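Undergrad: Next up is a structure, given as structure tokens.
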Amino acid sequence: MNADLFIPRSLDEALSVVQTHGAGLLVMGGGTMMMAHINEGIFFPQKVMSLARAGLSGVYRNGHTQIGATTHLTDVSQIADYPILAEAAFQIGGPAIRNMGTIGGNLYMPQPAGDLAVPLLAYDAHVELASASASRTISLEDFLAEPRSHRGVHELLVAVHLPDPTGYAAYLKLGRREANTPSVVAVGVRVVMDKQGQISDARLALGAVGSFAFRAKNAEAALIGQSLNTKSIADAAQIAMEESNPFTDALATAWYRRRMVGVFVKRTLEQLAK
Amino acid sequence: MSKLDITVNGQIHHLDVPESRTLAQVLRYDLGLTGTKIGCEEAECGICTVLVNGTPVNSCIFPAFKAQGREVETVEGLAHNGELHPIQQNFIEHGAVQCGFCTPGLMMTATALLNENPDPDDHAIKVALKDTYCRCTGYASVIAAIKSAASEMRGEGPLPVNEPDVSEPMHAISRSVPPQYVREKVTGAAKYTDDYFFEGMLFARTLRAAYPHARILSINTEKAKAFPGVVAVLTHADVPGDNLHGLVYRDWPVLCGDVVRYMGDAVAIVAAETEDIAAEALTLIEVEYEPLPVIGDPKFAHSPEAPVLHSKHPTGNLLKHIKVRHGDIEQGFAQADYIVEREYRTPTVEHAFLEPECSIGIPPGVAGHEKLTILVGSQIPYQDRNQIALAMGLPEEKVRVIGTLIGGGFGGKEDITGQIHVAMLAQATGRPVKMLYTRQESLIVHPKRHATIIRMKTGATKDGKLVAVEAELYGDGGAYASLSDKVMTRATTHATGPYVVPNAKIDCYAMYTNNPPSGAFRGFGVTQSAFAVESNMDILAEMIGIDPIEFRRINAQKVGTTTATGQVLRESVGLLETLRHVEHDMMPADGDFRWAWRDGHKAYAWGLACAYKNTGLGGGAPDRAEAEVEAFEDGSVEVRVASADMGQGLAHVVAQCTAEELKLPYHRVRVLLCDTDLTPNGGPTTASRQTFVSGNAARVTSALLREALTRSAAEFLDVPPETLYYEEGLLRHNGKSVELGTLVGWMKANGLSSKVRHEYHAPATQPLGTGGDMHFAFSYATQAALVEVDMETGAVKVLRIIAGTDIGRAINPLMLQGQVEGGIVMAMGNCLTESYIVENGVPWTNLLSRYKMPSIKHAPEIISHLIEDRVSTGPYGAKGVGEICSINTSPAICNAIYHATGVRIFSLPVDQDALLRAIRAGQTEVYTAWHDVR
């Protein structure tokens, strides 16, 4: 790597580097993708800032849960209160990758990588963005949907915030093979049941089947008021398939991805029904 | 530069390093701890794994500054005071070390696992090691080693080694002795080419072609030459001798001057003070091209519209037309009650050996070398020397090639890569020059397994006898000949399968294209034709209404069979035995065997396939190896042969042969391999030939040394020579004995030599088309695959492989089993995931992350039977193993997929996307592969 390297020791220092160098700066979390791309000759950054020493890692409980942007995937995989977030983190790479990769970096990964957005959407996550002059907290949904060009070049993702989890959740990912592979589809669901066993609230998040991870809101709506049975599951799976906007890449065709949305929404909901 | 304070293996280091350096670079190049290997720099292969504060990281992408103030553990820190760590010891005991290049990464990942989980089961091990590749072992031995180490560390003692059953163990033969250099490999002391450093060494890079096919109009190197730190920039004009190399046809430019024919072509080479400077200088070389039409596939290459790639080749783009004619094809099909004709496709496949190519050139008079010396991990050191000498315009005696340890080869390290370039740069600069390929460069440059299109027509009678095979094969030879002629010949001659086929007409067209060249790859063409042969066999069996195993048994080659090339098989045809063992193990205890069954959305099924593969070069090529064996006064013996050990274990095979002949303890035999000044020529390490040819060379030469020693001992002890016998390093006679070392001392004092050199000639063979013995031995195999197909996703999982492999004799049963297991998992990649994708001459698979090979999570249960049907001319009856274990896995899996789903696969690798589409549409045939969906 032949680049100027910035290693800020605090968030303020990091924000000031961002303020000064702006658009020409490559911001690196764990570097699992960036460093590989630099070594591969895909990226030739002139300026790189590593957040490794900026003090942005850690999991805090304070009315809700806050996960620092540079918290390693290994640590995310041990957050027992959010089992499908932990599960999704655990399924990313081997231990070495999880010891380097960060939750913040993962949210910047282009699809079909970046699995963590799926369980985080299911848990109604918000992200905290900061610049030298201001900070804002927006829903992860809005963050993912926000065109990159709209994001301030002077902004950093500082933390992920999660409300206390309710209901039951399930997560499944299909890869092209069993290891070392981005998702063909990733599905995260969370449902809250009322006393009658009917769904009062539902989240159904899909990854790798659109230009960013998203909530299948029509499928969510279809689940409300239903119990989890063969028909309601099949209906939700069908609607989620229609809602997805898959692409063809080296891993799978759009046709296949759409079909797998159906299969894996069904399988996650069946897990919950058990 | 910045200060870096790190503790490595308990030792504190204060360094000044560029902040941008990775931890792997600091460890290897600043601290000289070369046990940590770099395989891809993409965090894809995992072999660079080290521990930072106890947790594993991929050091190739880990910025060194992040290790500031931390404790780093590397493979060098595992052993304490010379005593191996249980993980190291168990990797040795369980045969989990082959080439050794990935071993440090596997062991460090395992160390971290066992620190957290002292009693991991198979699943826990697979989850922890899922991103750490090993291309040699097939992972079964790795899992066994880790479980055993865990048991030992818990104080429960190591677990028993899963040693295969073999017959008639001898003194050193058929014994599972540890491989040579294995201690060095588990401690990180083993040196591969990039682990060597010399005073004043320069670093070199190569400028590759910008187009798959173009005319070069001009090359301007002035700016690059003027760049600070650049010492030399060379082009075609600077090649001192012949600007062509090639193993069979010399058609491959050392440096291109007029035309480039594929993206891996070399246009200029740079030597500079650092690697970064060399890389930067490449961007300053200006090359003007005129793009030319590209030939992207072999069938187009054969058409009249295609441009001619090699104007000097007499048959144009047709590199070679290979023909097999046997019996009368029309009469044959006239006798057939059933005929099946299908077209099969196989993709280009990448070796993905974990050590990227590296060469070091040392000019004469430097670093103690009298000659121009090249260090390289090569499969064919003497051919390297020949090709370097021709390009350098030097006599061969002025060039020395020293073979280093090889981090995997599989056929991919037979051709010239950087050897000539470093020779040129060393000579031009007067300094040692190292050229290490990046993984991305390696992927683009070296020859691969041929993509093929195979049309195969097979006829059989209603009682299940094969009567005719007609086949047409197209092989994508790529831009240069490499070994296409030989590889596609093997694909052609083996295209009847291991069966009695009285009538055959087979035509193969090896074509030049603008894709990366194709060359040798484990299986040598037979992998491809076996897919077509064995798929057709199952289709026919179903048409006839006969059990697929019975159909193969009826037609199996036996002693007395005449092959389609006219060879009468006189001995060592173990096919039926392999079939018997595999069939036995497929049968459940209650005897209620089913080929297929369903459980919910999962379909399960068995599939079976057979194969055979020649041992040795054959086809009339003189096949010889020379060995030198010398006894020393310390009672040790050294055997020298220039044959490569790329992990397959040639070194222990020759050591075992020598130990056997001299009845020496194995540990007293040393092996020196691959130094063209010190070791005689063992020929190429290819075609499963080294156990046979170099094994025989070591055996015969050692026997000659034994005779010389016996004569001297008889004189020394004053007893008749015929009464002397050898026992554990002693020569004995009726209570009298002399230590081997003492005898050697006496011989030296009396002017007698304790060194013998001898060239072994393998039995003569005949060229294709002349009849007679085209090969001196064949190995045989049957494999059955149990697969699980998810009928909702099309995903295919191989649960179990039962393998019967006839290898004549298992010289080293445990390491041989490692060959079988590794061959099977590699073949699973060939079947299910691997495809090197080239789009109109431009490789898409230019990153390791784009090449999907099996990881430990794919490793199936493997039940391996070694069948020892001796071949009289082999060393103690042995024949080749390296390839036979890797040929029929793909058709076995595809036959199982058919039984499970009713869908037959005609194009590899199996595409779960296309498979699901066929399942849902009720189609029974799939002609698209994974790469086609892109």
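Note on naming: chains are A, B, ... as they come in the structure tokens, residues start from 1 per chain, ligands start from 1 in the order shown.
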Could you work out which residues of chain A fall inside 8 Å of chain B? Count only C-alpha atoms, and format the result as a PyMOL selection string.
TA: chain A and resi 1-3+5+31-32+35-37+39-40+52+93-97+99-100+177-180+248-253+256+260+263
Undergrad: Which residues come within 12 Å of Val261 (chain A), counting only C-alpha atoms, excluding same-chain residues fewer than 5 positions away, as a PyMOL selection string?
TA: (chain A and resi 172-174+183-188+204-210+216+219+234+236-246+254-256+266-269) or (chain B and resi 792-793)
Undergrad: I want to know what sits within 10 Å of Val467 (chain B), based on only C-alpha atoms, with residues of the same chain fewer than 2 positions away left out; could you give that as number ranges by chain?
TA: B: 327-329, 331-339, 458-461, 464-465, 469, 500-504, 555
Undergrad: Give me, as a ChimeraX atom specification, all polymer residues having an atom no more than 10 Å from region 515-517 of chain B, counting only C-alpha atoms and skipping those fewer than 6 positions away in the same chain.
TA: /B:212-213,252,261-265,294-298,348,443-450,476-484,837-843
Undergrad: Take the selection from the previous step and output its residues with N, CA and C atoms, as a compact mmCIF listing (two decimals), in the first residue's frame.
TA:
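In the end it all went to selection_34.txt:
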```
# COMPACT_ATOMS: atom_id res chain seq x y z
N PRO B 212 -5.72 -9.63 -25.11
CA PRO B 212 -5.50 -11.07 -25.33
C PRO B 212 -4.88 -11.38 -26.70
N HIS B 213 -5.03 -10.47 -27.63
CA HIS B 213 -4.42 -10.69 -28.93
C HIS B 213 -4.17 -9.32 -29.56
N TRP B 252 6.70 -20.26 -27.31
CA TRP B 252 6.29 -19.31 -26.28
C TRP B 252 7.39 -18.27 -26.09
N ARG B 261 -0.37 -12.93 -27.39
CA ARG B 261 -1.42 -13.91 -27.71
C ARG B 261 -2.31 -14.25 -26.53
N TYR B 262 -1.97 -13.79 -25.35
CA TYR B 262 -2.89 -13.92 -24.21
C TYR B 262 -2.52 -12.89 -23.17
N MET B 263 -3.44 -12.69 -22.22
CA MET B 263 -3.26 -11.61 -21.26
C MET B 263 -2.07 -11.84 -20.32
N GLY B 264 -1.61 -13.08 -20.24
CA GLY B 264 -0.47 -13.36 -19.37
C GLY B 264 0.87 -13.21 -20.07
N ASP B 265 0.88 -12.85 -21.34
CA ASP B 265 2.15 -12.70 -22.06
C ASP B 265 3.02 -11.63 -21.41
N VAL B 294 -9.92 -11.83 -31.52
CA VAL B 294 -9.62 -12.77 -30.44
C VAL B 294 -10.29 -14.11 -30.69
N ILE B 295 -9.55 -15.19 -30.46
CA ILE B 295 -10.14 -16.53 -30.52
C ILE B 295 -10.44 -16.96 -29.09
N GLY B 296 -11.72 -17.04 -28.77
CA GLY B 296 -12.12 -17.32 -27.40
C GLY B 296 -12.47 -18.78 -27.13
N ASP B 297 -12.71 -19.56 -28.20
CA ASP B 297 -13.03 -20.97 -27.94
C ASP B 297 -12.47 -21.87 -29.05
N PRO B 298 -12.24 -23.13 -28.69
CA PRO B 298 -11.50 -24.02 -29.59
C PRO B 298 -12.24 -24.34 -30.89
N THR B 348 -12.21 -24.69 -17.97
CA THR B 348 -10.82 -24.47 -17.59
C THR B 348 -10.74 -24.52 -16.07
N LEU B 443 -2.66 -16.35 -11.34
CA LEU B 443 -3.93 -16.80 -11.92
C LEU B 443 -3.97 -16.55 -13.43
N ILE B 444 -3.37 -15.44 -13.85
CA ILE B 444 -3.45 -15.08 -15.27
C ILE B 444 -2.41 -15.81 -16.10
N VAL B 445 -1.25 -16.11 -15.49
CA VAL B 445 -0.11 -16.53 -16.31
C VAL B 445 -0.02 -18.04 -16.55
N HIS B 446 -0.05 -18.85 -15.50
CA HIS B 446 0.38 -20.24 -15.70
C HIS B 446 -0.70 -21.09 -16.39
N PRO B 447 -0.25 -22.11 -17.13
CA PRO B 447 -1.18 -22.99 -17.84
C PRO B 447 -2.12 -23.75 -16.90
N LYS B 448 -3.29 -24.05 -17.41
CA LYS B 448 -4.36 -24.62 -16.59
C LYS B 448 -4.87 -25.94 -17.19
N ARG B 449 -5.91 -26.48 -16.56
CA ARG B 449 -6.53 -27.70 -17.11
C ARG B 449 -7.36 -27.30 -18.33
N HIS B 450 -7.23 -28.11 -19.40
CA HIS B 450 -7.94 -27.81 -20.65
C HIS B 450 -9.46 -27.82 -20.46
N ASP B 476 -9.20 -26.90 -25.45
CA ASP B 476 -8.76 -25.52 -25.55
C ASP B 476 -7.31 -25.44 -25.07
N GLY B 477 -6.40 -25.40 -26.01
CA GLY B 477 -4.97 -25.39 -25.66
C GLY B 477 -4.47 -24.04 -25.23
N GLY B 478 -5.24 -22.99 -25.50
CA GLY B 478 -4.79 -21.66 -25.13
C GLY B 478 -3.72 -21.15 -26.08
N ALA B 479 -3.00 -20.15 -25.64
CA ALA B 479 -2.14 -19.38 -26.54
C ALA B 479 -0.86 -20.11 -26.95
N TYR B 480 -0.38 -21.00 -26.09
CA TYR B 480 0.88 -21.69 -26.40
C TYR B 480 0.73 -23.18 -26.16
N ALA B 481 1.63 -23.93 -26.76
CA ALA B 481 1.46 -25.39 -26.79
C ALA B 481 1.57 -26.02 -25.41
N SER B 482 2.49 -25.53 -24.59
CA SER B 482 2.73 -26.16 -23.29
C SER B 482 2.70 -27.68 -23.47
N LEU B 483 1.89 -28.38 -22.70
CA LEU B 483 1.84 -29.84 -22.81
C LEU B 483 0.56 -30.32 -23.48
N SER B 484 -0.10 -29.43 -24.22
CA SER B 484 -1.38 -29.79 -24.84
C SER B 484 -1.31 -31.09 -25.63
N ILE B 837 -12.87 -18.65 -15.34
CA ILE B 837 -13.72 -18.05 -16.36
C ILE B 837 -12.94 -17.04 -17.20
N VAL B 838 -13.00 -17.22 -18.50
CA VAL B 838 -12.34 -16.31 -19.44
C VAL B 838 -13.40 -15.80 -20.40
N GLU B 839 -13.47 -14.50 -20.55
CA GLU B 839 -14.46 -13.93 -21.46
C GLU B 839 -13.76 -13.31 -22.65
N ASN B 840 -13.87 -13.97 -23.78
CA ASN B 840 -13.22 -13.52 -25.00
C ASN B 840 -11.74 -13.20 -24.77
N GLY B 841 -11.06 -14.12 -24.13
CA GLY B 841 -9.62 -13.98 -23.91
C GLY B 841 -9.24 -13.23 -22.65
N VAL B 842 -10.22 -12.59 -22.01
CA VAL B 842 -9.91 -11.81 -20.80
C VAL B 842 -10.34 -12.60 -19.56
N PRO B 843 -9.39 -12.99 -18.72
CA PRO B 843 -9.78 -13.78 -17.54
C PRO B 843 -10.64 -12.96 -16.58
```
Undergrad: When distances are computed from only C-alpha atoms, which of B:Thr346, B:Ile173, B:Pro548, B:Gly523 shows the smallest separation from Leu662 (chain B)?
TA: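 Smallest distance to Leu662 (chain B) is found for B:Ile173.
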Undergrad: Which is closest to Pro163 (chain A) among A:Asn62, A:Thr230, A:Gln271, A:Ser211, if we use only C-alpha atoms?
TA: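 That would be A:Asn62, the residue with the smallest distance to Pro163 (chain A).
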Undergrad: May I have the residues within 6 Å of region 102-115 of chain A as an mmCIF file with all heavy atoms, in the first residue's frame, using only C-alpha atoms and disregarding those fewer than 6 positions away in the same chain?
TA:
```
data_model
loop_
_atom_site.group_PDB
_atom_site.id
_atom_site.type_symbol
_atom_site.label_atom_id
_atom_site.label_comp_id
_atom_site.auth_asym_id
_atom_site.auth_seq_id
_atom_site.Cartn_x
_atom_site.Cartn_y
_atom_site.Cartn_z
ATOM 1 N N GLY A 29 -12.409 0.282 8.209
ATOM 2 C CA GLY A 29 -12.783 -0.291 9.507
ATOM 3 C C GLY A 29 -11.796 -1.388 9.858
ATOM 4 O O GLY A 29 -10.692 -1.134 10.302
ATOM 5 N N GLY A 30 -12.177 -2.643 9.578
ATOM 6 C CA GLY A 30 -11.248 -3.749 9.825
ATOM 7 C C GLY A 30 -10.328 -4.007 8.652
ATOM 8 O O GLY A 30 -9.334 -4.705 8.770
ATOM 9 N N ALA A 69 -18.941 1.401 16.024
ATOM 10 C CA ALA A 69 -18.776 1.086 14.599
ATOM 11 C C ALA A 69 -17.640 0.112 14.336
ATOM 12 O O ALA A 69 -17.721 -0.698 13.419
ATOM 13 C CB ALA A 69 -18.547 2.370 13.807
ATOM 14 N N THR A 70 -16.578 0.192 15.139
ATOM 15 C CA THR A 70 -15.446 -0.699 14.846
ATOM 16 C C THR A 70 -15.428 -1.934 15.739
ATOM 17 O O THR A 70 -14.408 -2.592 15.883
ATOM 18 C CB THR A 70 -14.100 0.054 14.963
ATOM 19 O OG1 THR A 70 -13.976 0.527 16.316
ATOM 20 C CG2 THR A 70 -14.021 1.202 13.996
ATOM 21 N N THR A 71 -16.566 -2.238 16.315
ATOM 22 C CA THR A 71 -16.669 -3.490 17.083
ATOM 23 C C THR A 71 -16.476 -4.662 16.129
ATOM 24 O O THR A 71 -17.105 -4.733 15.065
ATOM 25 C CB THR A 71 -18.053 -3.582 17.749
ATOM 26 O OG1 THR A 71 -18.248 -2.402 18.529
ATOM 27 C CG2 THR A 71 -18.148 -4.812 18.641
ATOM 28 N N HIS A 72 -15.575 -5.552 16.512
ATOM 29 C CA HIS A 72 -15.262 -6.671 15.620
ATOM 30 C C HIS A 72 -16.432 -7.648 15.509
ATOM 31 O O HIS A 72 -17.217 -7.809 16.442
ATOM 32 C CB HIS A 72 -14.025 -7.418 16.126
ATOM 33 C CG HIS A 72 -12.769 -6.650 15.897
ATOM 34 N ND1 HIS A 72 -11.722 -6.663 16.769
ATOM 35 C CD2 HIS A 72 -12.401 -5.828 14.901
ATOM 36 C CE1 HIS A 72 -10.752 -5.885 16.319
ATOM 37 N NE2 HIS A 72 -11.143 -5.355 15.182
ATOM 38 N N LEU A 73 -16.496 -8.323 14.382
ATOM 39 C CA LEU A 73 -17.562 -9.300 14.159
ATOM 40 C C LEU A 73 -17.536 -10.385 15.229
ATOM 41 O O LEU A 73 -18.590 -10.906 15.616
ATOM 42 C CB LEU A 73 -17.431 -9.922 12.764
ATOM 43 C CG LEU A 73 -17.505 -8.935 11.587
ATOM 44 C CD1 LEU A 73 -17.300 -9.667 10.265
ATOM 45 C CD2 LEU A 73 -18.843 -8.202 11.580
ATOM 46 N N PRO A 182 -19.958 -14.956 -0.580
ATOM 47 C CA PRO A 182 -21.033 -14.005 -0.316
ATOM 48 C C PRO A 182 -22.390 -14.697 -0.460
ATOM 49 O O PRO A 182 -22.494 -15.789 -1.003
ATOM 50 C CB PRO A 182 -20.865 -12.949 -1.406
ATOM 51 C CG PRO A 182 -19.566 -13.227 -2.060
ATOM 52 C CD PRO A 182 -19.261 -14.668 -1.837
ATOM 53 N N SER A 183 -23.407 -14.002 0.010
ATOM 54 C CA SER A 183 -24.730 -14.622 0.023
ATOM 55 C C SER A 183 -25.375 -14.649 -1.361
ATOM 56 O O SER A 183 -25.205 -13.733 -2.157
ATOM 57 C CB SER A 183 -25.656 -13.812 0.936
ATOM 58 O OG SER A 183 -25.154 -13.841 2.253
ATOM 59 N N ALA A 208 -28.889 -9.398 -0.388
ATOM 60 C CA ALA A 208 -28.324 -9.951 -1.621
ATOM 61 C C ALA A 208 -29.356 -10.112 -2.736
ATOM 62 O O ALA A 208 -29.083 -10.754 -3.741
ATOM 63 C CB ALA A 208 -27.615 -11.288 -1.374
#
```
Undergrad: Using only C-alpha atoms for the distances, tell me which of A:Gly175, A:Arg215, A:Ala89, A:Leu162 is nearest to Asp142 (chain A).
TA: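 With only C-alpha atoms as the atom set, the closest residue is A:Arg215.
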Undergrad: With only C-alpha atoms as the basis for distance, which of A:Ala14, A:Val191, A:Met33, A:Leu25 is at the shortest distance from Val48 (chain A)?
TA: A:Leu25
Undergrad: Name the residues of region 29-143 of chain A that come out as alpha helix (DSSP H) in a backbone DSSP run; write them as a VMD selection string.
TA: chain A and resid 34 to 40 73 to 76 83 to 90 95 to 98 103 to 107 117 to 122 140 to 143
Undergrad: Print the selection's residues with N, CA and C atoms to a file, as a compact mmCIF listing (two decimals), in the first residue's frame.
TA:
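Result saved to again_23.txt:
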```txt
# COMPACT_ATOMS: atom_id res chain seq x y z
N MET A 34 -11.11 -3.70 2.12
CA MET A 34 -10.25 -2.63 1.57
C MET A 34 -8.82 -3.12 1.36
N MET A 35 -8.25 -3.72 2.40
CA MET A 35 -6.86 -4.14 2.29
C MET A 35 -6.70 -5.19 1.20
N ALA A 36 -7.66 -6.09 1.12
CA ALA A 36 -7.61 -7.10 0.06
C ALA A 36 -7.66 -6.41 -1.30
N HIS A 37 -8.55 -5.44 -1.46
CA HIS A 37 -8.67 -4.76 -2.74
C HIS A 37 -7.42 -3.92 -3.05
N ILE A 38 -6.82 -3.37 -2.02
CA ILE A 38 -5.57 -2.62 -2.25
C ILE A 38 -4.48 -3.59 -2.71
N ASN A 39 -4.37 -4.72 -2.02
CA ASN A 39 -3.36 -5.73 -2.41
C ASN A 39 -3.64 -6.27 -3.81
N GLU A 40 -4.90 -6.41 -4.14
CA GLU A 40 -5.27 -6.97 -5.44
C GLU A 40 -5.08 -5.97 -6.57
N LEU A 73 -16.50 -8.32 14.38
CA LEU A 73 -17.56 -9.30 14.16
C LEU A 73 -17.54 -10.39 15.23
N THR A 74 -16.33 -10.72 15.70
CA THR A 74 -16.24 -11.73 16.77
C THR A 74 -17.05 -11.29 17.98
N ASP A 75 -16.91 -10.00 18.34
CA ASP A 75 -17.65 -9.50 19.50
C ASP A 75 -19.14 -9.40 19.19
N VAL A 76 -19.47 -9.02 17.98
CA VAL A 76 -20.88 -8.97 17.60
C VAL A 76 -21.50 -10.36 17.68
N PRO A 83 -29.94 -12.68 19.08
CA PRO A 83 -29.37 -13.95 18.58
C PRO A 83 -29.15 -13.98 17.07
N ILE A 84 -30.02 -13.37 16.28
CA ILE A 84 -29.79 -13.52 14.83
C ILE A 84 -28.73 -12.55 14.33
N LEU A 85 -28.50 -11.48 15.07
CA LEU A 85 -27.35 -10.63 14.74
C LEU A 85 -26.07 -11.40 15.02
N ALA A 86 -26.05 -12.04 16.19
CA ALA A 86 -24.88 -12.84 16.56
C ALA A 86 -24.65 -13.95 15.55
N GLU A 87 -25.73 -14.60 15.16
CA GLU A 87 -25.64 -15.71 14.21
C GLU A 87 -25.11 -15.24 12.85
N ALA A 88 -25.64 -14.12 12.38
CA ALA A 88 -25.21 -13.60 11.08
C ALA A 88 -23.73 -13.23 11.13
N ALA A 89 -23.31 -12.64 12.24
CA ALA A 89 -21.89 -12.27 12.37
C ALA A 89 -21.03 -13.51 12.39
N PHE A 90 -21.50 -14.54 13.08
CA PHE A 90 -20.72 -15.77 13.19
C PHE A 90 -20.55 -16.45 11.84
N PRO A 95 -12.65 -17.43 11.77
CA PRO A 95 -12.32 -16.63 12.95
C PRO A 95 -11.39 -15.45 12.63
N ALA A 96 -10.43 -15.65 11.73
CA ALA A 96 -9.48 -14.57 11.44
C ALA A 96 -10.19 -13.36 10.85
N ILE A 97 -11.11 -13.61 9.95
CA ILE A 97 -11.88 -12.53 9.33
C ILE A 97 -12.75 -11.84 10.38
N ARG A 98 -13.36 -12.62 11.23
CA ARG A 98 -14.24 -12.02 12.25
C ARG A 98 -13.46 -11.23 13.29
N ILE A 103 -18.49 -4.16 12.44
CA ILE A 103 -19.92 -4.00 12.11
C ILE A 103 -20.11 -2.80 11.20
N GLY A 104 -19.36 -1.73 11.45
CA GLY A 104 -19.51 -0.54 10.62
C GLY A 104 -19.05 -0.80 9.19
N GLY A 105 -17.91 -1.45 9.08
CA GLY A 105 -17.40 -1.77 7.75
C GLY A 105 -18.38 -2.64 6.99
N ASN A 106 -18.98 -3.59 7.71
CA ASN A 106 -19.91 -4.51 7.07
C ASN A 106 -21.10 -3.77 6.47
N LEU A 107 -21.53 -2.68 7.14
CA LEU A 107 -22.69 -1.93 6.63
C LEU A 107 -22.34 -1.11 5.39
N ALA A 117 -26.60 -6.19 7.77
CA ALA A 117 -27.75 -5.30 7.61
C ALA A 117 -29.06 -6.06 7.76
N VAL A 118 -29.05 -7.34 7.38
CA VAL A 118 -30.30 -8.12 7.38
C VAL A 118 -30.84 -8.31 8.81
N PRO A 119 -30.06 -8.88 9.73
CA PRO A 119 -30.59 -8.98 11.10
C PRO A 119 -30.79 -7.61 11.74
N LEU A 120 -29.94 -6.65 11.40
CA LEU A 120 -30.09 -5.32 12.01
C LEU A 120 -31.41 -4.67 11.59
N LEU A 121 -31.80 -4.87 10.34
CA LEU A 121 -33.10 -4.36 9.89
C LEU A 121 -34.22 -5.05 10.66
N ALA A 122 -34.04 -6.34 10.88
CA ALA A 122 -35.07 -7.09 11.60
C ALA A 122 -35.20 -6.59 13.04
N LEU A 140 -31.57 2.50 10.06
CA LEU A 140 -30.68 1.77 9.16
C LEU A 140 -31.29 1.69 7.77
N GLU A 141 -32.61 1.51 7.76
CA GLU A 141 -33.33 1.43 6.50
C GLU A 141 -33.06 2.67 5.64
N ASP A 142 -33.17 3.83 6.25
CA ASP A 142 -32.92 5.06 5.51
C ASP A 142 -31.46 5.16 5.10
N PHE A 143 -30.60 4.75 6.03
CA PHE A 143 -29.16 4.82 5.75
C PHE A 143 -28.81 3.99 4.52
```
Undergrad: Enumerate the residues of region 33-210 of chain A with a DSSP assignment of strand (DSSP E), computed from the backbone, and present them as a ChimeraX atom specification.
TA: /A:47-50,59-62,64-68,126-130,135-139,156-162,168-175,183-193,199-207
Undergrad: Tell me which protein, DNA and RNA residues are within 9 Å of His581 (chain B), counting only C-alpha atoms, leaving out same-chain ones fewer than 5 positions away, and put them as a list in words.
TA: Leu576, Met586, Thr782, Ile802, Ala803, Gly804, His865 and Ile867 of chain B
Undergrad: Atoms to include: C-alpha atoms. Write the selected residues as a PDB file, in the first residue's frame.
TA:
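Result written to again.pdb:
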```
ATOM      1  CA  LEU B 576     -12.449 -55.552 -10.595  1.00  0.00           C
ATOM      2  CA  MET B 586     -21.968 -49.335  -0.452  1.00  0.00           C
ATOM      3  CA  THR B 782     -13.587 -47.113  -8.562  1.00  0.00           C
ATOM      4  CA  ILE B 802     -15.910 -44.710  -1.084  1.00  0.00           C
ATOM      5  CA  ALA B 803     -12.719 -45.151  -3.056  1.00  0.00           C
ATOM      6  CA  GLY B 804     -10.957 -48.253  -4.220  1.00  0.00           C
ATOM      7  CA  HIS B 865      -9.324 -48.959   0.120  1.00  0.00           C
ATOM      8  CA  ILE B 867      -5.739 -52.340  -3.747  1.00  0.00           C
TER       9      ILE B 867
END
```
